[in-house]
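Participant: So here's structure_27.pdb, just PDB, C-alpha atoms and all ligand atoms:
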```pdb
ATOM      1  CA  MET A1252      -6.568  22.630  17.401  1.00  0.00           C
ATOM      2  CA  SER A1253      -7.766  19.011  17.361  1.00  0.00           C
ATOM      3  CA  ILE A1254      -6.863  16.854  20.362  1.00  0.00           C
ATOM      4  CA  GLY A1255      -6.278  13.117  20.691  1.00  0.00           C
ATOM      5  CA  ILE A1256      -5.735  11.003  23.793  1.00  0.00           C
ATOM      6  CA  ILE A1257      -3.976   7.624  23.783  1.00  0.00           C
ATOM      7  CA  GLY A1258      -4.723   5.785  26.999  1.00  0.00           C
ATOM      8  CA  ALA A1259      -8.112   5.934  28.648  1.00  0.00           C
ATOM      9  CA  GLY A1260      -7.104   5.008  32.171  1.00  0.00           C
ATOM     10  CA  GLU A1261      -6.801   7.287  35.169  1.00  0.00           C
ATOM     11  CA  ILE A1262      -4.775  10.078  33.545  1.00  0.00           C
ATOM     12  CA  GLY A1263      -6.253   9.891  30.027  1.00  0.00           C
ATOM     13  CA  THR A1264      -9.758  10.004  31.482  1.00  0.00           C
ATOM     14  CA  ALA A1265      -8.874  12.827  33.883  1.00  0.00           C
ATOM     15  CA  PHE A1266      -7.544  14.874  30.958  1.00  0.00           C
ATOM     16  CA  ALA A1267     -10.729  14.096  28.985  1.00  0.00           C
ATOM     17  CA  ARG A1268     -12.832  15.304  31.914  1.00  0.00           C
ATOM     18  CA  ALA A1269     -10.789  18.513  32.165  1.00  0.00           C
ATOM     19  CA  LEU A1270     -11.408  19.154  28.449  1.00  0.00           C
ATOM     20  CA  THR A1271     -15.118  18.407  28.825  1.00  0.00           C
ATOM     21  CA  ARG A1272     -15.378  20.878  31.693  1.00  0.00           C
ATOM     22  CA  LYS A1273     -14.396  23.611  29.201  1.00  0.00           C
ATOM     23  CA  GLY A1274     -16.328  22.223  26.221  1.00  0.00           C
ATOM     24  CA  ILE A1275     -13.181  21.214  24.300  1.00  0.00           C
ATOM     25  CA  ALA A1276     -13.458  18.235  21.933  1.00  0.00           C
ATOM     26  CA  ALA A1277     -11.096  15.255  21.754  1.00  0.00           C
ATOM     27  CA  THR A1278     -10.845  11.685  20.499  1.00  0.00           C
ATOM     28  CA  ILE A1279      -9.812   9.110  23.091  1.00  0.00           C
ATOM     29  CA  ALA A1280      -8.390   5.647  22.354  1.00  0.00           C
ATOM     30  CA  ASN A1281      -7.214   2.588  24.269  1.00  0.00           C
ATOM     31  CA  SER A1282      -5.781  -0.813  23.360  1.00  0.00           C
ATOM     32  CA  ARG A1283      -9.122  -2.628  23.227  1.00  0.00           C
ATOM     33  CA  GLY A1284     -10.972  -0.404  20.783  1.00  0.00           C
ATOM     34  CA  PRO A1285     -13.682   2.267  20.875  1.00  0.00           C
ATOM     35  CA  ASP A1286     -16.489  -0.131  21.810  1.00  0.00           C
ATOM     36  CA  THR A1287     -14.907  -0.599  25.238  1.00  0.00           C
ATOM     37  CA  LEU A1288     -15.063   3.188  25.820  1.00  0.00           C
ATOM     38  CA  ARG A1289     -18.785   3.537  25.144  1.00  0.00           C
ATOM     39  CA  ASP A1290     -19.704   4.383  28.750  1.00  0.00           C
ATOM     40  CA  LEU A1291     -17.004   7.048  29.012  1.00  0.00           C
ATOM     41  CA  ALA A1292     -17.970   8.571  25.662  1.00  0.00           C
ATOM     42  CA  ARG A1293     -21.628   8.600  26.733  1.00  0.00           C
ATOM     43  CA  GLU A1294     -20.724  10.350  29.987  1.00  0.00           C
ATOM     44  CA  LEU A1295     -18.527  12.953  28.278  1.00  0.00           C
ATOM     45  CA  THR A1296     -20.651  13.460  25.169  1.00  0.00           C
ATOM     46  CA  PRO A1297     -20.637  15.489  22.960  1.00  0.00           C
ATOM     47  CA  HIS A1298     -17.079  16.601  23.591  1.00  0.00           C
ATOM     48  CA  ILE A1299     -15.231  13.303  23.929  1.00  0.00           C
ATOM     49  CA  THR A1300     -15.464  10.706  21.185  1.00  0.00           C
ATOM     50  CA  ALA A1301     -14.108   7.172  21.473  1.00  0.00           C
ATOM     51  CA  GLY A1302     -11.943   6.318  18.480  1.00  0.00           C
ATOM     52  CA  THR A1303      -9.131   4.121  17.269  1.00  0.00           C
ATOM     53  CA  ILE A1304      -5.503   4.915  17.981  1.00  0.00           C
ATOM     54  CA  GLU A1305      -5.052   5.531  14.251  1.00  0.00           C
ATOM     55  CA  LYS A1306      -7.737   8.234  14.429  1.00  0.00           C
ATOM     56  CA  ALA A1307      -6.502   9.801  17.693  1.00  0.00           C
ATOM     57  CA  VAL A1308      -2.955  10.240  16.384  1.00  0.00           C
ATOM     58  CA  THR A1309      -4.094  12.375  13.467  1.00  0.00           C
ATOM     59  CA  SER A1310      -4.902  15.181  15.940  1.00  0.00           C
ATOM     60  CA  ASP A1311      -2.812  18.363  16.183  1.00  0.00           C
ATOM     61  CA  LEU A1312      -2.003  17.613  19.826  1.00  0.00           C
ATOM     62  CA  VAL A1313      -1.957  14.075  21.219  1.00  0.00           C
ATOM     63  CA  LEU A1314      -1.645  13.313  24.917  1.00  0.00           C
ATOM     64  CA  VAL A1315      -0.180   9.885  25.665  1.00  0.00           C
ATOM     65  CA  ALA A1316      -0.956   8.310  29.053  1.00  0.00           C
ATOM     66  CA  VAL A1317      -0.077   4.624  28.968  1.00  0.00           C
ATOM     67  CA  PRO A1318       1.878   2.500  31.473  1.00  0.00           C
ATOM     68  CA  TRP A1319       5.602   2.810  30.756  1.00  0.00           C
ATOM     69  CA  SER A1320       6.218  -0.791  29.679  1.00  0.00           C
ATOM     70  CA  LYS A1321       3.292  -0.649  27.247  1.00  0.00           C
ATOM     71  CA  LEU A1322       4.349   2.557  25.473  1.00  0.00           C
ATOM     72  CA  PRO A1323       6.486   0.858  22.775  1.00  0.00           C
ATOM     73  CA  LYS A1324       3.556  -1.319  21.710  1.00  0.00           C
ATOM     74  CA  ALA A1325       1.035   1.532  21.925  1.00  0.00           C
ATOM     75  CA  LEU A1326       3.159   3.778  19.706  1.00  0.00           C
ATOM     76  CA  ALA A1327       4.529   1.161  17.282  1.00  0.00           C
ATOM     77  CA  GLY A1328       3.789   1.237  13.574  1.00  0.00           C
ATOM     78  CA  LEU A1329       2.309   4.721  13.470  1.00  0.00           C
ATOM     79  CA  PRO A1330       3.133   7.145  10.652  1.00  0.00           C
ATOM     80  CA  ASP A1331       5.771   9.842  11.249  1.00  0.00           C
ATOM     81  CA  TRP A1332       4.333  12.529  13.523  1.00  0.00           C
ATOM     82  CA  ALA A1333       5.250  15.274  11.061  1.00  0.00           C
ATOM     83  CA  GLY A1334       5.771  18.008  13.628  1.00  0.00           C
ATOM     84  CA  ARG A1335       2.549  17.456  15.565  1.00  0.00           C
ATOM     85  CA  ILE A1336       2.622  17.966  19.328  1.00  0.00           C
ATOM     86  CA  VAL A1337       2.755  14.905  21.560  1.00  0.00           C
ATOM     87  CA  VAL A1338       2.303  15.420  25.279  1.00  0.00           C
ATOM     88  CA  ASP A1339       4.180  12.934  27.429  1.00  0.00           C
ATOM     89  CA  ALA A1340       2.168  12.491  30.625  1.00  0.00           C
ATOM     90  CA  ASN A1341       3.992   9.304  31.595  1.00  0.00           C
ATOM     91  CA  TYR A1342       6.182   8.214  34.468  1.00  0.00           C
ATOM     92  CA  PRO A1343       8.842   5.507  34.065  1.00  0.00           C
ATOM     93  CA  ILE A1344       7.512   3.518  36.980  1.00  0.00           C
ATOM     94  CA  GLU A1345       4.545   1.199  37.259  1.00  0.00           C
ATOM     95  CA  ARG A1346       2.126  -0.423  39.596  1.00  0.00           C
ATOM     96  CA  PRO A1347       2.215  -2.804  41.390  1.00  0.00           C
ATOM     97  CA  LEU A1348       5.970  -2.995  42.043  1.00  0.00           C
ATOM     98  CA  PHE A1349       6.857   0.690  41.521  1.00  0.00           C
ATOM     99  CA  GLN A1350      10.276  -0.392  40.298  1.00  0.00           C
ATOM    100  CA  PRO A1351      11.818   2.484  38.273  1.00  0.00           C
ATOM    101  CA  ALA A1352      12.522   1.565  34.640  1.00  0.00           C
ATOM    102  CA  GLU A1353      16.142   1.461  33.452  1.00  0.00           C
ATOM    103  CA  LEU A1354      16.698   4.700  31.516  1.00  0.00           C
ATOM    104  CA  ASN A1355      20.482   4.471  31.154  1.00  0.00           C
ATOM    105  CA  GLY A1356      20.985   7.954  32.511  1.00  0.00           C
ATOM    106  CA  ARG A1357      18.444   9.615  30.233  1.00  0.00           C
ATOM    107  CA  LEU A1358      15.290  11.500  31.164  1.00  0.00           C
ATOM    108  CA  SER A1359      12.097   9.534  30.642  1.00  0.00           C
ATOM    109  CA  THR A1360      10.815  12.127  28.160  1.00  0.00           C
ATOM    110  CA  GLU A1361      13.987  11.731  26.081  1.00  0.00           C
ATOM    111  CA  VAL A1362      13.364   7.983  25.935  1.00  0.00           C
ATOM    112  CA  PHE A1363       9.688   8.628  25.159  1.00  0.00           C
ATOM    113  CA  ALA A1364      10.626  11.008  22.320  1.00  0.00           C
ATOM    114  CA  ASP A1365      12.393   8.144  20.515  1.00  0.00           C
ATOM    115  CA  LEU A1366       9.007   6.381  20.312  1.00  0.00           C
ATOM    116  CA  VAL A1367       7.319   9.281  18.488  1.00  0.00           C
ATOM    117  CA  PRO A1368       9.661  10.170  15.597  1.00  0.00           C
ATOM    118  CA  GLY A1369       8.960  13.566  14.064  1.00  0.00           C
ATOM    119  CA  ALA A1370       6.866  14.762  17.017  1.00  0.00           C
ATOM    120  CA  ARG A1371       7.393  17.926  19.032  1.00  0.00           C
ATOM    121  CA  VAL A1372       7.300  16.510  22.549  1.00  0.00           C
ATOM    122  CA  VAL A1373       5.962  18.433  25.516  1.00  0.00           C
ATOM    123  CA  LYS A1374       6.125  17.136  29.062  1.00  0.00           C
ATOM    124  CA  ALA A1375       2.902  18.079  30.868  1.00  0.00           C
ATOM    125  CA  PHE A1376      -0.228  16.869  32.653  1.00  0.00           C
ATOM    126  CA  ASN A1377       1.799  14.336  34.624  1.00  0.00           C
ATOM    127  CA  HIS A1378       2.619  15.818  38.002  1.00  0.00           C
ATOM    128  CA  LEU A1379      -0.850  15.820  39.632  1.00  0.00           C
ATOM    129  CA  PRO A1380      -2.946  12.844  40.709  1.00  0.00           C
ATOM    130  CA  PRO A1381      -5.932  12.205  38.410  1.00  0.00           C
ATOM    131  CA  HIS A1382      -8.616  13.656  40.704  1.00  0.00           C
ATOM    132  CA  LEU A1383      -6.836  17.034  40.788  1.00  0.00           C
ATOM    133  CA  LEU A1384      -6.358  17.027  37.016  1.00  0.00           C
ATOM    134  CA  SER A1385     -10.055  16.399  36.413  1.00  0.00           C
ATOM    135  CA  GLY A1386     -11.315  18.576  39.243  1.00  0.00           C
ATOM    136  CA  ASP A1387     -12.043  22.288  39.368  1.00  0.00           C
ATOM    137  CA  PRO A1388      -8.711  24.092  38.805  1.00  0.00           C
ATOM    138  CA  ARG A1389      -9.879  27.000  40.950  1.00  0.00           C
ATOM    139  CA  ALA A1390      -8.679  26.510  44.500  1.00  0.00           C
ATOM    140  CA  GLN A1391      -8.245  28.697  47.583  1.00  0.00           C
ATOM    141  CA  GLY A1392      -9.007  31.806  45.513  1.00  0.00           C
ATOM    142  CA  GLY A1393      -6.280  31.010  42.979  1.00  0.00           C
ATOM    143  CA  SER A1394      -5.620  28.525  40.175  1.00  0.00           C
ATOM    144  CA  ARG A1395      -4.035  25.118  40.490  1.00  0.00           C
ATOM    145  CA  VAL A1396      -0.576  24.899  38.916  1.00  0.00           C
ATOM    146  CA  LEU A1397       0.376  22.670  35.994  1.00  0.00           C
ATOM    147  CA  PHE A1398       3.983  22.486  34.813  1.00  0.00           C
ATOM    148  CA  TYR A1399       5.022  22.134  31.205  1.00  0.00           C
ATOM    149  CA  SER A1400       8.279  21.959  29.271  1.00  0.00           C
ATOM    150  CA  GLY A1401       9.345  21.576  25.657  1.00  0.00           C
ATOM    151  CA  ASP A1402      10.548  23.560  22.666  1.00  0.00           C
ATOM    152  CA  ALA A1403       9.342  27.151  22.360  1.00  0.00           C
ATOM    153  CA  ARG A1404       6.550  26.686  19.794  1.00  0.00           C
ATOM    154  CA  SER A1405       4.997  23.487  21.114  1.00  0.00           C
ATOM    155  CA  LYS A1406       5.282  24.759  24.648  1.00  0.00           C
ATOM    156  CA  ALA A1407       3.363  27.887  23.715  1.00  0.00           C
ATOM    157  CA  GLU A1408       0.504  25.790  22.310  1.00  0.00           C
ATOM    158  CA  ALA A1409       0.435  23.483  25.328  1.00  0.00           C
ATOM    159  CA  GLY A1410       0.569  26.532  27.599  1.00  0.00           C
ATOM    160  CA  THR A1411      -2.433  28.028  25.811  1.00  0.00           C
ATOM    161  CA  LEU A1412      -4.397  24.807  26.309  1.00  0.00           C
ATOM    162  CA  ILE A1413      -3.452  24.686  29.991  1.00  0.00           C
ATOM    163  CA  ALA A1414      -4.708  28.266  30.417  1.00  0.00           C
ATOM    164  CA  GLU A1415      -7.941  27.460  28.540  1.00  0.00           C
ATOM    165  CA  LEU A1416      -8.508  24.624  30.980  1.00  0.00           C
ATOM    166  CA  GLY A1417      -8.288  27.147  33.819  1.00  0.00           C
ATOM    167  CA  PHE A1418      -4.966  26.028  35.301  1.00  0.00           C
ATOM    168  CA  ALA A1419      -2.001  28.262  36.050  1.00  0.00           C
ATOM    169  CA  GLY A1420       0.646  26.972  33.663  1.00  0.00           C
ATOM    170  CA  ILE A1421       4.266  27.274  34.731  1.00  0.00           C
ATOM    171  CA  ASP A1422       6.825  27.065  31.945  1.00  0.00           C
ATOM    172  CA  LEU A1423       9.801  25.006  33.107  1.00  0.00           C
ATOM    173  CA  GLY A1424      11.842  25.608  29.953  1.00  0.00           C
ATOM    174  CA  PRO A1425      13.148  22.884  27.645  1.00  0.00           C
ATOM    175  CA  VAL A1426      12.587  19.213  28.431  1.00  0.00           C
ATOM    176  CA  SER A1427      16.246  18.927  29.463  1.00  0.00           C
ATOM    177  CA  VAL A1428      15.383  21.208  32.411  1.00  0.00           C
ATOM    178  CA  GLY A1429      11.648  20.704  33.016  1.00  0.00           C
ATOM    179  CA  GLY A1430      11.813  16.968  32.418  1.00  0.00           C
ATOM    180  CA  LYS A1431      14.293  16.700  35.261  1.00  0.00           C
ATOM    181  CA  LEU A1432      12.181  18.785  37.658  1.00  0.00           C
ATOM    182  CA  VAL A1433       9.034  16.698  37.108  1.00  0.00           C
ATOM    183  CA  HIS A1434      10.899  13.387  36.883  1.00  0.00           C
ATOM    184  CA  PHE A1435       9.466  10.608  38.980  1.00  0.00           C
ATOM    185  CA  PRO A1436      11.149   9.250  40.876  1.00  0.00           C
ATOM    186  CA  GLY A1437      13.789  11.826  41.749  1.00  0.00           C
ATOM    187  CA  GLY A1438      12.417  15.216  40.667  1.00  0.00           C
ATOM    188  CA  PRO A1439      11.218  17.760  43.235  1.00  0.00           C
ATOM    189  CA  LEU A1440       7.843  18.587  41.626  1.00  0.00           C
ATOM    190  CA  PRO A1441       5.733  15.410  41.175  1.00  0.00           C
ATOM    191  CA  ALA A1442       2.593  15.332  43.316  1.00  0.00           C
ATOM    192  CA  LEU A1443       3.018  18.923  44.525  1.00  0.00           C
ATOM    193  CA  ASN A1444      -0.448  20.458  44.653  1.00  0.00           C
ATOM    194  CA  LEU A1445       0.309  24.156  44.214  1.00  0.00           C
ATOM    195  CA  VAL A1446      -2.012  27.126  43.757  1.00  0.00           C
ATOM    196  CA  LYS A1447      -1.008  30.350  42.019  1.00  0.00           C
ATOM    197  CA  PHE A1448      -2.591  33.644  43.060  1.00  0.00           C
ATOM    198  CA  GLY A1449      -2.927  36.564  40.681  1.00  0.00           C
TER     199      GLY A1449
HETATM  200  N1  LIG B   1      -2.451   7.388  37.794  1.00  0.00           N
HETATM  201  C1  LIG B   1      -1.664   8.336  38.261  1.00  0.00           C
HETATM  202  O1  LIG B   1      -1.774   8.772  39.429  1.00  0.00           O
HETATM  203  C2  LIG B   1      -0.626   8.966  37.365  1.00  0.00           C
HETATM  204  C3  LIG B   1      -0.108  10.214  37.706  1.00  0.00           C
HETATM  205  C4  LIG B   1       0.819  10.794  36.843  1.00  0.00           C
HETATM  206  C5  LIG B   1       1.255  10.126  35.708  1.00  0.00           C
HETATM  207  N2  LIG B   1       0.765   8.891  35.431  1.00  0.00           N
HETATM  208  C6  LIG B   1       1.257   8.202  34.226  1.00  0.00           C
HETATM  209  O2  LIG B   1       0.220   8.199  33.245  1.00  0.00           O
HETATM  210  C7  LIG B   1       0.332   7.006  32.460  1.00  0.00           C
HETATM  211  C8  LIG B   1      -1.009   6.293  32.497  1.00  0.00           C
HETATM  212  O3  LIG B   1      -1.282   5.954  33.841  1.00  0.00           O
HETATM  213  P1  LIG B   1      -2.755   5.584  34.295  1.00  0.00           P
HETATM  214  O4  LIG B   1      -2.733   5.524  35.759  1.00  0.00           O
HETATM  215  O5  LIG B   1      -3.732   6.466  33.578  1.00  0.00           O
HETATM  216  O6  LIG B   1      -2.851   4.090  33.695  1.00  0.00           O
HETATM  217  P2  LIG B   1      -4.116   3.115  33.678  1.00  0.00           P
HETATM  218  O7  LIG B   1      -5.214   3.657  34.500  1.00  0.00           O
HETATM  219  O8  LIG B   1      -3.573   1.759  33.960  1.00  0.00           O
HETATM  220  O9  LIG B   1      -4.586   3.177  32.143  1.00  0.00           O
HETATM  221  C9  LIG B   1      -3.730   2.776  31.124  1.00  0.00           C
HETATM  222  C10 LIG B   1      -4.373   3.021  29.777  1.00  0.00           C
HETATM  223  O10 LIG B   1      -3.381   2.702  28.781  1.00  0.00           O
HETATM  224  C11 LIG B   1      -4.032   1.956  27.765  1.00  0.00           C
HETATM  225  N3  LIG B   1      -3.108   1.100  27.037  1.00  0.00           N
HETATM  226  C12 LIG B   1      -2.350   0.086  27.508  1.00  0.00           C
HETATM  227  N4  LIG B   1      -1.665  -0.493  26.489  1.00  0.00           N
HETATM  228  C13 LIG B   1      -2.037   0.185  25.378  1.00  0.00           C
HETATM  229  C14 LIG B   1      -1.708   0.040  24.012  1.00  0.00           C
HETATM  230  N5  LIG B   1      -0.851  -0.908  23.582  1.00  0.00           N
HETATM  231  N6  LIG B   1      -2.293   0.878  23.121  1.00  0.00           N
HETATM  232  C15 LIG B   1      -3.155   1.818  23.548  1.00  0.00           C
HETATM  233  N7  LIG B   1      -3.511   2.010  24.820  1.00  0.00           N
HETATM  234  C16 LIG B   1      -2.957   1.181  25.720  1.00  0.00           C
HETATM  235  C17 LIG B   1      -5.046   1.114  28.499  1.00  0.00           C
HETATM  236  O11 LIG B   1      -6.017   0.656  27.575  1.00  0.00           O
HETATM  237  P3  LIG B   1      -6.666  -0.803  27.767  1.00  0.00           P
HETATM  238  O12 LIG B   1      -7.313  -0.777  29.116  1.00  0.00           O
HETATM  239  O13 LIG B   1      -7.620  -0.925  26.625  1.00  0.00           O
HETATM  240  O14 LIG B   1      -5.512  -1.774  27.683  1.00  0.00           O
HETATM  241  C18 LIG B   1      -5.592   2.133  29.504  1.00  0.00           C
HETATM  242  O15 LIG B   1      -6.608   2.897  28.908  1.00  0.00           O
HETATM  243  C19 LIG B   1       1.458   6.163  33.064  1.00  0.00           C
HETATM  244  O16 LIG B   1       2.633   6.324  32.320  1.00  0.00           O
HETATM  245  C20 LIG B   1       1.630   6.754  34.466  1.00  0.00           C
HETATM  246  O17 LIG B   1       2.957   6.665  34.937  1.00  0.00           O
HETATM  247  C21 LIG B   1      -0.177   8.297  36.211  1.00  0.00           C
END
```
For the structure just supplied, provide its representation as structure tokens.
Facilitator:
Amino acid sequence: MSIGIIGAGEIGTAFARALTRKGIAATIANSRGPDTLRDLARELTPHITAGTIEKAVTSDLVLVAVPWSKLPKALAGLPDWAGRIVVDANYPIERPLFQPAELNGRLSTEVFADLVPGARVVKAFNHLPPHLLSGDPRAQGGSRVLFYSGDARSKAEAGTLIAELGFAGIDLGPVSVGGKLVHFPGGPLPALNLVKFG
């Protein structure tokens, strides 16, 4: 399964580091172009390659980690996603004001899904701070927990990736359920650093 990453900030980079730790390849892209990611690509070579957004979105699974207000621009004008998996790692709230975005009663992942027509959207890789996502998932004799939600098939593929990365994946069901539990602000799970034993 090929992997793309849109957004090379704290979360996109943390995900890239987690992949590198397990020798998994990915293409990472930002708004300013691959040349601006040379240092990161050099550090994470040979696994992580800096590319254009157009290249990253051709991957089988694409993680998107971009500030909420910039998502429409980041995802505009791309071809239909044709059933590929898109992982929504985003929160509808932004530095520096931390003012929640107006979602008109919808879950942020439902709003996000409208920006990626034809994609199978999974909510994952969003509930931990970057240093825990990029760090060793083994902790206290167990494995650090990552939550994920989505439709059955895409969830299974995301769950497999989470396990390959060494985390204990916990399936929260469809986005209508899981998206609510990891919603920030308001959900009970964001920022919980949990370890699963056995
Ligand atoms: N940081 C956290 O603790 C944390 C935790 C959980 C979830 N999240 C969520 O993860 C997402 C990313 O957060 P972050 O902290 O990683 O942000 P960040 O450090 O500010 O990085 C944002 C990234 O998005 C890219 N970007 C901005 N506009 C873009 C566009 N039009 N096209 C392509 N890329 C674009 C930026 O590229 P350029 O620099 O080239 O513009 C940058 O690489 C947010 O939705 C946030 O809510 C963050």
Participant: Have a look at A:Arg1289, A:His1378, A:Lys1447, A:Arg1283 and name the one nearest to Phe1398 in chain A; count all atoms listed in the file.
Facilitator: A:His1378
Participant: Using all atoms listed in the file, determine which residues lie at most 8 Å from Leu1384 in chain A, disregarding the query and same-chain residues fewer than 5 positions distant; provide the list as a CSV table (one decimal) with C-alpha atoms, keeping the file's coordinate frame.
Facilitator:
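And here is the file that came out, out.csv:
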```csv
chain,number,residue,atom,x,y,z
A,1262,ILE,CA,-4.8,10.1,33.5
A,1265,ALA,CA,-8.9,12.8,33.9
A,1266,PHE,CA,-7.5,14.9,31.0
A,1269,ALA,CA,-10.8,18.5,32.2
A,1376,PHE,CA,-0.2,16.9,32.7
A,1379,LEU,CA,-0.8,15.8,39.6
```
Participant: Write out as a list in words each polymer residue whose atoms come within 9 Å of Lys1406 in chain A, counting all atoms listed in the file; drop sequence neighbours fewer than 4 positions from it.
Facilitator: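 Close residues of Lys1406 in chain A: Val1372, Val1373, Lys1374, Tyr1399, Ser1400, Gly1401, Asp1402, Gly1410, Thr1411, Asp1422, Gly1424 and Pro1425 of chain A.
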Participant: Counting only C-alpha atoms, which residues have an atom no more than 10 Å from (4.3, 17.7, 16.4) in the file's coordinates? Please list them as a ChimeraX atom specification.
Facilitator: /A:1310-1313,1331-1338,1367-1373,1404-1405
Participant: Can you pull out every residue with an atom within 6 Å of ligand LIG 1 (chain B)? Use all atoms listed in the file and format it as a list in words.
Facilitator: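 I would give the residues around ligand LIG 1 (chain B) as Ile1257, Gly1258, Ala1259, Gly1260, Glu1261, Ile1262, Gly1263, Asn1281, Ser1282, Arg1283, Ala1316, Val1317, Pro1318, Trp1319, Lys1321, Lys1324, Ala1325, Ala1340, Asn1341, Tyr1342, Ile1344, Asn1377, His1378, Leu1379, Pro1380 and Pro1381 of chain A.
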Participant: Pick out the residues sitting within 8 Å of Val1396 in chain A, and hand them over as JSON, numbers by chain; count all atoms listed in the file, and ignore anything fewer than 6 positions along from it in its own chain.
Facilitator: {"A": [1418, 1419, 1420, 1421, 1444, 1445, 1446, 1447]}
Participant: Which is closest to Gly1437 in chain A among A:Pro1351, A:Ala1414, A:Asp1365, A:Leu1383, if we use only C-alpha atoms?
Facilitator: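 Among the listed residues, A:Pro1351 lies closest to Gly1437 in chain A.
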Participant: Which residues, named as in the file, does the PyMOL selection byres (((chain A and resi 1297-1300) around 7) and not hetatm) pick out? Answer as a VMD selection string.
Facilitator: chain A and resid 1267 1271 1274 to 1279 1292 1295 to 1296 1301 to 1302
Participant: For a test of reading the model, state the distance in Å between CA of Leu1423 in chain A and CA of Phe1435 in chain A, rounded to one decimal.
Facilitator: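 According to the coordinates, CA of Leu1423 in chain A and CA of Phe1435 in chain A are separated by 15.6 Å.
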Participant: Rounded to one decimal place, report the CA of Ile1256 in chain A-CA of Ser1385 in chain A distance in Å.
Facilitator: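 Result for CA of Ile1256 in chain A versus CA of Ser1385 in chain A: 14.4 Å, one decimal.
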Participant: Measure the distance from CA of Ser1320 in chain A to CA of Gly1255 in chain A in Å and round it to one decimal.
Facilitator: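 According to the coordinates, CA of Ser1320 in chain A and CA of Gly1255 in chain A are separated by 20.7 Å.
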Participant: Go through A:Glu1294, A:Ala1403, A:Leu1314, A:Phe1448 and flag the residue nearest Ala1390 in chain A, using all atoms listed in the file for the distances.
Facilitator: A:Phe1448
Participant: For a cut-off of 6 Å around (-7.0, 21.5, 28.8), file coordinates, pick out all residues using all atoms listed in the file and list them as a PyMOL selection string.
Facilitator: chain A and resi 1269-1270+1412-1413+1416
Participant: To box range 1353-1356 of chain A, take all atoms listed in the file, fit an axis-aligned box, add 8 Å on each side, and give centre and edge lengths in Å to one decimal, as JSON.
Facilitator:
```
{"center_x": 18.6, "center_y": 4.7, "center_z": 32.3, "size_x": 20.8, "size_y": 22.5, "size_z": 18.3}
```
Participant: Looking at all atoms listed in the file, which of A:His1434, A:Val1428, A:Ser1394, A:Ala1327 is the one that sits closest to Glu1415 in chain A?
Facilitator: A:Ser1394
